[in-house]
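Here is the structure we will look at.
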Amino acid sequence: MTGTRPQTLLDPRYSDETATAASWPQAEALLSEAELFWISTVRPDGRPHVTPLLAVWSAGALHFCTGPDERKARNLARNPHVALTTGINIWNKGYDLVVEGEAVRVTDDDRLRELAAAWEAKYGDVWRFEVRDGCFHHGAGHAYVFSVAPDTVFGFGKGEPFSQTRWRFNLEDH
């Protein structure tokens with residue numbers, strides 16, 4: 001998805017008159033730099049599950065890892081649709097992003113080694129993973145790695161001017 005140009009639209013209903021749509025490269029930079037994300041998955045009974053996690057932006061997708069027995073992994077086994085959010089918890093300053101898409105498990109060891117290097121580069125030695133058997137390994141445990149290529153991304157500019165930008169990928173699906 002690297003190099004993919006989504007359809008970009010400023011929503012005037014939620015934007016100040018002087019606002020302009022943020023560019024996709026600006027949003028990609030924010031996704032790349034963000035340290036903490038919140039993931040929303042759906043439990044088997046339909047209730048939402050939300051939890052914080054670390055993620056790496058690579059090759060046009062967000063990547064995260066989770067233990068196979070964790071609630072989010074069990075939810076994803078039944079329903080791969082997710083929303084990943086990041087931003088700042090101040091109402092009138094900063095920029096928030098919501099990435100919607102499907103979580104797809106990454107099992108190719110070569111790709112996982114690339115992602116492990118990206119995790120360590122971004123988060124430091126404490127997030128050093130070994131790769132084998134299609135998983136990240138750390139200490140005594142292992143983790144599945146998921147990739148979320150965005151279907152839709154929402155950007156919320158906060159402060160003067162307030163804005164809402166939407167980027168749509170896979171336009172044939174909309």
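Residues are referred to by chain and number: the chain letter is A, B, ... according to the order shown in the structure tokens, the number counts from 1 in that chain, and ligands are numbered separately from 1 in the order shown.
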Which polymer residues have any atom within 6 Å of an atom of segment 142-152 of chain A, counting only C-alpha atoms, with same-chain residues fewer than 3 positions away left out, as an mmCIF file with all heavy atoms, in the first residue's frame?
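So part.cif came out as:
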```cif
data_model
loop_
_atom_site.group_PDB
_atom_site.id
_atom_site.type_symbol
_atom_site.label_atom_id
_atom_site.label_comp_id
_atom_site.auth_asym_id
_atom_site.auth_seq_id
_atom_site.Cartn_x
_atom_site.Cartn_y
_atom_site.Cartn_z
ATOM 1 N N ALA A 61 0.617 0.048 6.317
ATOM 2 C CA ALA A 61 -0.291 -0.595 7.268
ATOM 3 C C ALA A 61 0.235 -0.433 8.693
ATOM 4 O O ALA A 61 1.439 -0.273 8.905
ATOM 5 C CB ALA A 61 -0.439 -2.081 6.941
ATOM 6 N N LEU A 62 -0.680 -0.475 9.646
ATOM 7 C CA LEU A 62 -0.305 -0.533 11.058
ATOM 8 C C LEU A 62 -0.113 -1.994 11.437
ATOM 9 O O LEU A 62 -0.862 -2.864 10.983
ATOM 10 C CB LEU A 62 -1.399 0.083 11.936
ATOM 11 C CG LEU A 62 -1.366 1.578 12.098
ATOM 12 C CD1 LEU A 62 -2.583 2.064 12.885
ATOM 13 C CD2 LEU A 62 -0.087 2.039 12.797
ATOM 14 N N HIS A 63 0.863 -2.260 12.278
ATOM 15 C CA HIS A 63 1.146 -3.611 12.745
ATOM 16 C C HIS A 63 1.182 -3.609 14.268
ATOM 17 O O HIS A 63 1.760 -2.701 14.873
ATOM 18 C CB HIS A 63 2.494 -4.079 12.195
ATOM 19 C CG HIS A 63 2.522 -4.148 10.707
ATOM 20 N ND1 HIS A 63 2.717 -3.034 9.926
ATOM 21 C CD2 HIS A 63 2.337 -5.175 9.868
ATOM 22 C CE1 HIS A 63 2.663 -3.390 8.656
ATOM 23 N NE2 HIS A 63 2.436 -4.682 8.590
ATOM 24 N N PHE A 64 0.579 -4.611 14.858
ATOM 25 C CA PHE A 64 0.596 -4.758 16.311
ATOM 26 C C PHE A 64 0.768 -6.229 16.637
ATOM 27 O O PHE A 64 0.599 -7.102 15.785
ATOM 28 C CB PHE A 64 -0.679 -4.192 16.950
ATOM 29 C CG PHE A 64 -1.937 -4.933 16.583
ATOM 30 C CD1 PHE A 64 -2.394 -5.995 17.359
ATOM 31 C CD2 PHE A 64 -2.667 -4.565 15.458
ATOM 32 C CE1 PHE A 64 -3.555 -6.677 17.010
ATOM 33 C CE2 PHE A 64 -3.825 -5.251 15.107
ATOM 34 C CZ PHE A 64 -4.269 -6.306 15.888
ATOM 35 N N CYS A 65 1.116 -6.508 17.885
ATOM 36 C CA CYS A 65 1.267 -7.901 18.294
ATOM 37 C C CYS A 65 0.481 -8.139 19.579
ATOM 38 O O CYS A 65 0.212 -7.212 20.343
ATOM 39 C CB CYS A 65 2.731 -8.283 18.464
ATOM 40 S SG CYS A 65 3.652 -7.369 19.697
ATOM 41 N N THR A 66 0.106 -9.399 19.775
ATOM 42 C CA THR A 66 -0.663 -9.791 20.947
ATOM 43 C C THR A 66 -0.483 -11.278 21.189
ATOM 44 O O THR A 66 -0.288 -12.044 20.242
ATOM 45 C CB THR A 66 -2.166 -9.459 20.767
ATOM 46 O OG1 THR A 66 -2.861 -9.789 21.967
ATOM 47 C CG2 THR A 66 -2.781 -10.187 19.588
ATOM 48 N N GLY A 67 -0.539 -11.662 22.437
ATOM 49 C CA GLY A 67 -0.468 -13.080 22.762
ATOM 50 C C GLY A 67 -1.680 -13.814 22.216
ATOM 51 O O GLY A 67 -2.782 -13.253 22.163
ATOM 52 N N VAL A 99 -7.987 4.615 12.514
ATOM 53 C CA VAL A 99 -7.732 3.741 11.368
ATOM 54 C C VAL A 99 -8.704 2.570 11.451
ATOM 55 O O VAL A 99 -8.713 1.839 12.450
ATOM 56 C CB VAL A 99 -6.282 3.215 11.368
ATOM 57 C CG1 VAL A 99 -6.063 2.219 10.237
ATOM 58 C CG2 VAL A 99 -5.295 4.369 11.289
ATOM 59 N N GLU A 100 -9.524 2.405 10.421
ATOM 60 C CA GLU A 100 -10.456 1.277 10.355
ATOM 61 C C GLU A 100 -9.986 0.306 9.289
ATOM 62 O O GLU A 100 -9.573 0.725 8.203
ATOM 63 C CB GLU A 100 -11.866 1.764 9.997
ATOM 64 C CG GLU A 100 -12.473 2.678 11.023
ATOM 65 C CD GLU A 100 -13.838 3.186 10.602
ATOM 66 O OE1 GLU A 100 -14.219 3.060 9.402
ATOM 67 O OE2 GLU A 100 -14.542 3.734 11.470
ATOM 68 N N GLY A 101 -10.041 -0.987 9.599
ATOM 69 C CA GLY A 101 -9.646 -1.994 8.627
ATOM 70 C C GLY A 101 -9.788 -3.388 9.204
ATOM 71 O O GLY A 101 -10.399 -3.578 10.259
ATOM 72 N N GLU A 102 -9.230 -4.357 8.493
ATOM 73 C CA GLU A 102 -9.252 -5.749 8.937
ATOM 74 C C GLU A 102 -7.855 -6.155 9.368
ATOM 75 O O GLU A 102 -6.879 -5.886 8.661
ATOM 76 C CB GLU A 102 -9.726 -6.678 7.820
ATOM 77 C CG GLU A 102 -11.185 -6.562 7.536
ATOM 78 C CD GLU A 102 -11.688 -7.655 6.609
ATOM 79 O OE1 GLU A 102 -11.024 -8.713 6.477
ATOM 80 O OE2 GLU A 102 -12.753 -7.448 6.018
ATOM 81 N N ALA A 103 -7.776 -6.805 10.508
ATOM 82 C CA ALA A 103 -6.496 -7.315 11.012
ATOM 83 C C ALA A 103 -6.213 -8.664 10.358
ATOM 84 O O ALA A 103 -7.026 -9.583 10.432
ATOM 85 C CB ALA A 103 -6.556 -7.456 12.525
ATOM 86 N N VAL A 104 -5.051 -8.756 9.708
ATOM 87 C CA VAL A 104 -4.624 -9.972 9.022
ATOM 88 C C VAL A 104 -3.330 -10.440 9.681
ATOM 89 O O VAL A 104 -2.383 -9.651 9.818
ATOM 90 C CB VAL A 104 -4.391 -9.705 7.520
ATOM 91 C CG1 VAL A 104 -3.863 -10.946 6.823
ATOM 92 C CG2 VAL A 104 -5.676 -9.202 6.864
ATOM 93 N N ARG A 105 -3.292 -11.685 10.073
ATOM 94 C CA ARG A 105 -2.108 -12.202 10.742
ATOM 95 C C ARG A 105 -0.929 -12.295 9.775
ATOM 96 O O ARG A 105 -1.076 -12.731 8.636
ATOM 97 C CB ARG A 105 -2.409 -13.577 11.337
ATOM 98 C CG ARG A 105 -1.265 -14.036 12.183
ATOM 99 C CD ARG A 105 -1.634 -14.981 13.283
ATOM 100 N NE ARG A 105 -0.375 -15.532 13.750
ATOM 101 C CZ ARG A 105 -0.096 -16.798 13.842
ATOM 102 N NH1 ARG A 105 -1.018 -17.698 13.572
ATOM 103 N NH2 ARG A 105 1.090 -17.193 14.228
ATOM 104 N N VAL A 106 0.242 -11.850 10.230
ATOM 105 C CA VAL A 106 1.493 -11.922 9.479
ATOM 106 C C VAL A 106 2.243 -13.155 9.979
ATOM 107 O O VAL A 106 2.522 -13.261 11.175
ATOM 108 C CB VAL A 106 2.350 -10.655 9.687
ATOM 109 C CG1 VAL A 106 3.665 -10.758 8.927
ATOM 110 C CG2 VAL A 106 1.579 -9.401 9.314
ATOM 111 N N CYS A 135 5.842 -16.306 14.456
ATOM 112 C CA CYS A 135 5.476 -15.517 15.640
ATOM 113 C C CYS A 135 6.659 -14.685 16.121
ATOM 114 O O CYS A 135 7.810 -14.986 15.803
ATOM 115 C CB CYS A 135 5.065 -16.439 16.789
ATOM 116 S SG CYS A 135 3.577 -17.381 16.528
ATOM 117 N N PHE A 136 6.367 -13.672 16.916
ATOM 118 C CA PHE A 136 7.367 -12.980 17.713
ATOM 119 C C PHE A 136 7.555 -13.794 18.986
ATOM 120 O O PHE A 136 6.577 -14.284 19.570
ATOM 121 C CB PHE A 136 6.883 -11.585 18.120
ATOM 122 C CG PHE A 136 7.056 -10.501 17.100
ATOM 123 C CD1 PHE A 136 6.604 -9.223 17.380
ATOM 124 C CD2 PHE A 136 7.675 -10.708 15.872
ATOM 125 C CE1 PHE A 136 6.753 -8.187 16.477
ATOM 126 C CE2 PHE A 136 7.831 -9.690 14.957
ATOM 127 C CZ PHE A 136 7.376 -8.416 15.260
ATOM 128 N N HIS A 137 8.798 -13.906 19.450
ATOM 129 C CA HIS A 137 9.092 -14.572 20.718
ATOM 130 C C HIS A 137 9.866 -13.606 21.588
ATOM 131 O O HIS A 137 10.793 -12.931 21.130
ATOM 132 C CB HIS A 137 9.908 -15.851 20.475
ATOM 133 C CG HIS A 137 9.129 -16.904 19.773
ATOM 134 N ND1 HIS A 137 8.466 -17.912 20.441
ATOM 135 C CD2 HIS A 137 8.868 -17.087 18.460
ATOM 136 C CE1 HIS A 137 7.844 -18.685 19.559
ATOM 137 N NE2 HIS A 137 8.071 -18.193 18.353
ATOM 138 N N TRP A 167 -9.938 9.796 4.794
ATOM 139 C CA TRP A 167 -9.192 9.189 3.694
ATOM 140 C C TRP A 167 -9.802 7.824 3.458
ATOM 141 O O TRP A 167 -9.897 7.012 4.373
ATOM 142 C CB TRP A 167 -7.714 9.034 4.042
ATOM 143 C CG TRP A 167 -7.016 10.335 4.281
ATOM 144 C CD1 TRP A 167 -6.449 11.146 3.342
ATOM 145 C CD2 TRP A 167 -6.804 10.973 5.545
ATOM 146 N NE1 TRP A 167 -5.898 12.252 3.942
ATOM 147 C CE2 TRP A 167 -6.103 12.171 5.305
ATOM 148 C CE3 TRP A 167 -7.138 10.664 6.864
ATOM 149 C CZ2 TRP A 167 -5.725 13.033 6.312
ATOM 150 C CZ3 TRP A 167 -6.781 11.519 7.880
ATOM 151 C CH2 TRP A 167 -6.074 12.697 7.601
ATOM 152 N N ARG A 168 -10.203 7.578 2.219
ATOM 153 C CA ARG A 168 -10.799 6.268 1.861
ATOM 154 C C ARG A 168 -9.883 5.526 0.919
ATOM 155 O O ARG A 168 -9.440 6.069 -0.091
ATOM 156 C CB ARG A 168 -12.154 6.449 1.192
ATOM 157 C CG ARG A 168 -13.257 6.656 2.152
ATOM 158 C CD ARG A 168 -14.572 6.486 1.430
ATOM 159 N NE ARG A 168 -15.646 6.503 2.392
ATOM 160 C CZ ARG A 168 -16.890 6.723 2.074
ATOM 161 N NH1 ARG A 168 -17.222 6.940 0.824
ATOM 162 N NH2 ARG A 168 -17.806 6.717 3.008
ATOM 163 N N PHE A 169 -9.644 4.268 1.249
ATOM 164 C CA PHE A 169 -8.883 3.348 0.410
ATOM 165 C C PHE A 169 -9.894 2.349 -0.136
ATOM 166 O O PHE A 169 -11.047 2.328 0.262
ATOM 167 C CB PHE A 169 -7.826 2.625 1.245
ATOM 168 C CG PHE A 169 -6.820 3.557 1.855
ATOM 169 C CD1 PHE A 169 -7.109 4.245 3.030
ATOM 170 C CD2 PHE A 169 -5.600 3.757 1.253
ATOM 171 C CE1 PHE A 169 -6.193 5.119 3.593
ATOM 172 C CE2 PHE A 169 -4.666 4.628 1.804
ATOM 173 C CZ PHE A 169 -4.963 5.309 2.974
#
```
Quiz item: Excluding same-chain residues fewer than 5 positions from Ala29 of chain A, what lies within 10 Å of it counting only C-alpha atoms, as a ChimeraX atom specification?
Solution: /A:24,34,57
Practice problem: Taking the DSSP assignment computed from this structure's backbone, write out as a PyMOL selection string all residues of segment 3-174 of chain A that belong to strand (DSSP E). | Solution: chain A and resi 7-10+37-42+48-53+56-58+61-66+81-86+95-106+130-132+135-138+141-157+163-168
So that I can see what lies close to Ile90 of chain A, please list as a PDB file with C-alpha atoms, in the first residue's frame the residues with an atom at most 12 Å from it, counting only C-alpha atoms and leaving out residues fewer than 2 positions away in the same chain.
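The resulting file, around_13.pdb, is reproduced below:
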```pdb
ATOM      1  CA  GLY A  87      -3.737  11.195  19.269  1.00  0.00           C
ATOM      2  CA  ILE A  88      -3.585  13.486  22.245  1.00  0.00           C
ATOM      3  CA  ASN A  92      -8.404  21.925  21.585  1.00  0.00           C
ATOM      4  CA  LYS A  93      -4.870  20.974  20.552  1.00  0.00           C
ATOM      5  CA  GLY A  94      -3.255  18.279  18.438  1.00  0.00           C
ATOM      6  CA  TYR A  95      -4.487  15.791  15.902  1.00  0.00           C
ATOM      7  CA  ASP A  96      -6.279  12.470  16.439  1.00  0.00           C
ATOM      8  CA  PHE A 156      -9.544  15.177  13.701  1.00  0.00           C
ATOM      9  CA  GLY A 157      -7.764  18.529  13.868  1.00  0.00           C
ATOM     10  CA  LYS A 158      -8.338  20.109  17.271  1.00  0.00           C
ATOM     11  CA  GLY A 159      -8.041  23.805  17.952  1.00  0.00           C
TER      12      GLY A 159
END
```
Practice problem: Using DSSP on the backbone, list every residue of segment 73-117 of chain A that comes out as alpha helix (DSSP H), and give them as a list in words. | Solution: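 Reading the DSSP output for segment 73-117 of chain A, alpha helix (DSSP H) covers Ala73, Arg74, Asn75, Leu76, Ala77, Arg78, Asp109, Asp110, Arg111, Leu112, Arg113, Glu114, Leu115, Ala116 and Ala117 of chain A.
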Put those residues in a file: N, CA and C atoms, as a PDB file, in the first residue's frame.
```pdb
ATOM      1  N   ALA A  73      -6.819 -11.115  20.609  1.00  0.00           N
ATOM      2  CA  ALA A  73      -6.516 -12.188  19.649  1.00  0.00           C
ATOM      3  C   ALA A  73      -7.709 -13.128  19.503  1.00  0.00           C
ATOM      4  N   ARG A  74      -8.351 -13.446  20.608  1.00  0.00           N
ATOM      5  CA  ARG A  74      -9.526 -14.322  20.542  1.00  0.00           C
ATOM      6  C   ARG A  74     -10.665 -13.637  19.797  1.00  0.00           C
ATOM      7  N   ASN A  75     -10.824 -12.324  20.012  1.00  0.00           N
ATOM      8  CA  ASN A  75     -11.849 -11.582  19.271  1.00  0.00           C
ATOM      9  C   ASN A  75     -11.551 -11.579  17.776  1.00  0.00           C
ATOM     10  N   LEU A  76     -10.291 -11.364  17.415  1.00  0.00           N
ATOM     11  CA  LEU A  76      -9.911 -11.290  16.003  1.00  0.00           C
ATOM     12  C   LEU A  76     -10.089 -12.622  15.288  1.00  0.00           C
ATOM     13  N   ALA A  77      -9.998 -13.717  16.017  1.00  0.00           N
ATOM     14  CA  ALA A  77     -10.213 -15.032  15.402  1.00  0.00           C
ATOM     15  C   ALA A  77     -11.648 -15.162  14.889  1.00  0.00           C
ATOM     16  N   ARG A  78     -12.578 -14.423  15.483  1.00  0.00           N
ATOM     17  CA  ARG A  78     -13.986 -14.474  15.094  1.00  0.00           C
ATOM     18  C   ARG A  78     -14.396 -13.322  14.188  1.00  0.00           C
ATOM     19  N   ASP A 109       8.218 -15.376   8.148  1.00  0.00           N
ATOM     20  CA  ASP A 109       9.331 -15.060   9.048  1.00  0.00           C
ATOM     21  C   ASP A 109      10.203 -13.918   8.538  1.00  0.00           C
ATOM     22  N   ASP A 110      10.425 -13.815   7.229  1.00  0.00           N
ATOM     23  CA  ASP A 110      11.220 -12.702   6.704  1.00  0.00           C
ATOM     24  C   ASP A 110      10.534 -11.368   6.983  1.00  0.00           C
ATOM     25  N   ARG A 111       9.230 -11.299   6.737  1.00  0.00           N
ATOM     26  CA  ARG A 111       8.490 -10.062   7.018  1.00  0.00           C
ATOM     27  C   ARG A 111       8.475  -9.793   8.518  1.00  0.00           C
ATOM     28  N   LEU A 112       8.313 -10.829   9.318  1.00  0.00           N
ATOM     29  CA  LEU A 112       8.315 -10.647  10.768  1.00  0.00           C
ATOM     30  C   LEU A 112       9.664 -10.119  11.271  1.00  0.00           C
ATOM     31  N   ARG A 113      10.764 -10.555  10.664  1.00  0.00           N
ATOM     32  CA  ARG A 113      12.080 -10.036  11.052  1.00  0.00           C
ATOM     33  C   ARG A 113      12.171  -8.529  10.740  1.00  0.00           C
ATOM     34  N   GLU A 114      11.631  -8.122   9.593  1.00  0.00           N
ATOM     35  CA  GLU A 114      11.602  -6.692   9.257  1.00  0.00           C
ATOM     36  C   GLU A 114      10.795  -5.919  10.300  1.00  0.00           C
ATOM     37  N   LEU A 115       9.646  -6.473  10.679  1.00  0.00           N
ATOM     38  CA  LEU A 115       8.801  -5.794  11.661  1.00  0.00           C
ATOM     39  C   LEU A 115       9.448  -5.794  13.044  1.00  0.00           C
ATOM     40  N   ALA A 116      10.115  -6.879  13.420  1.00  0.00           N
ATOM     41  CA  ALA A 116      10.810  -6.926  14.710  1.00  0.00           C
ATOM     42  C   ALA A 116      11.875  -5.836  14.769  1.00  0.00           C
ATOM     43  N   ALA A 117      12.600  -5.641  13.670  1.00  0.00           N
ATOM     44  CA  ALA A 117      13.603  -4.577  13.621  1.00  0.00           C
ATOM     45  C   ALA A 117      12.939  -3.205  13.753  1.00  0.00           C
TER      46      ALA A 117
END
```
Quiz item: For Leu10 of chain A, which of A:Ala55, A:Leu97, A:Ser23, A:His49 is the closest residue, counting only C-alpha atoms?
Solution: A:Ser23
Quiz item: What is the distance between atom CA of Pro48 of chain A and atom CA of Asn170 of chain A, in Å to one decimal?
Solution: 25.1 Å
Quiz item: Neighbours of Glu35 of chain A within 9 Å (only C-alpha atoms; same-chain residues fewer than 4 positions away dropped), as a ChimeraX atom specification?
Solution: /A:31,53-56,86,122-123
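Between atom CA of Tyr14 of chain A and atom CA of Thr165 of chain A the interatomic distance comes to 9.1 Å.
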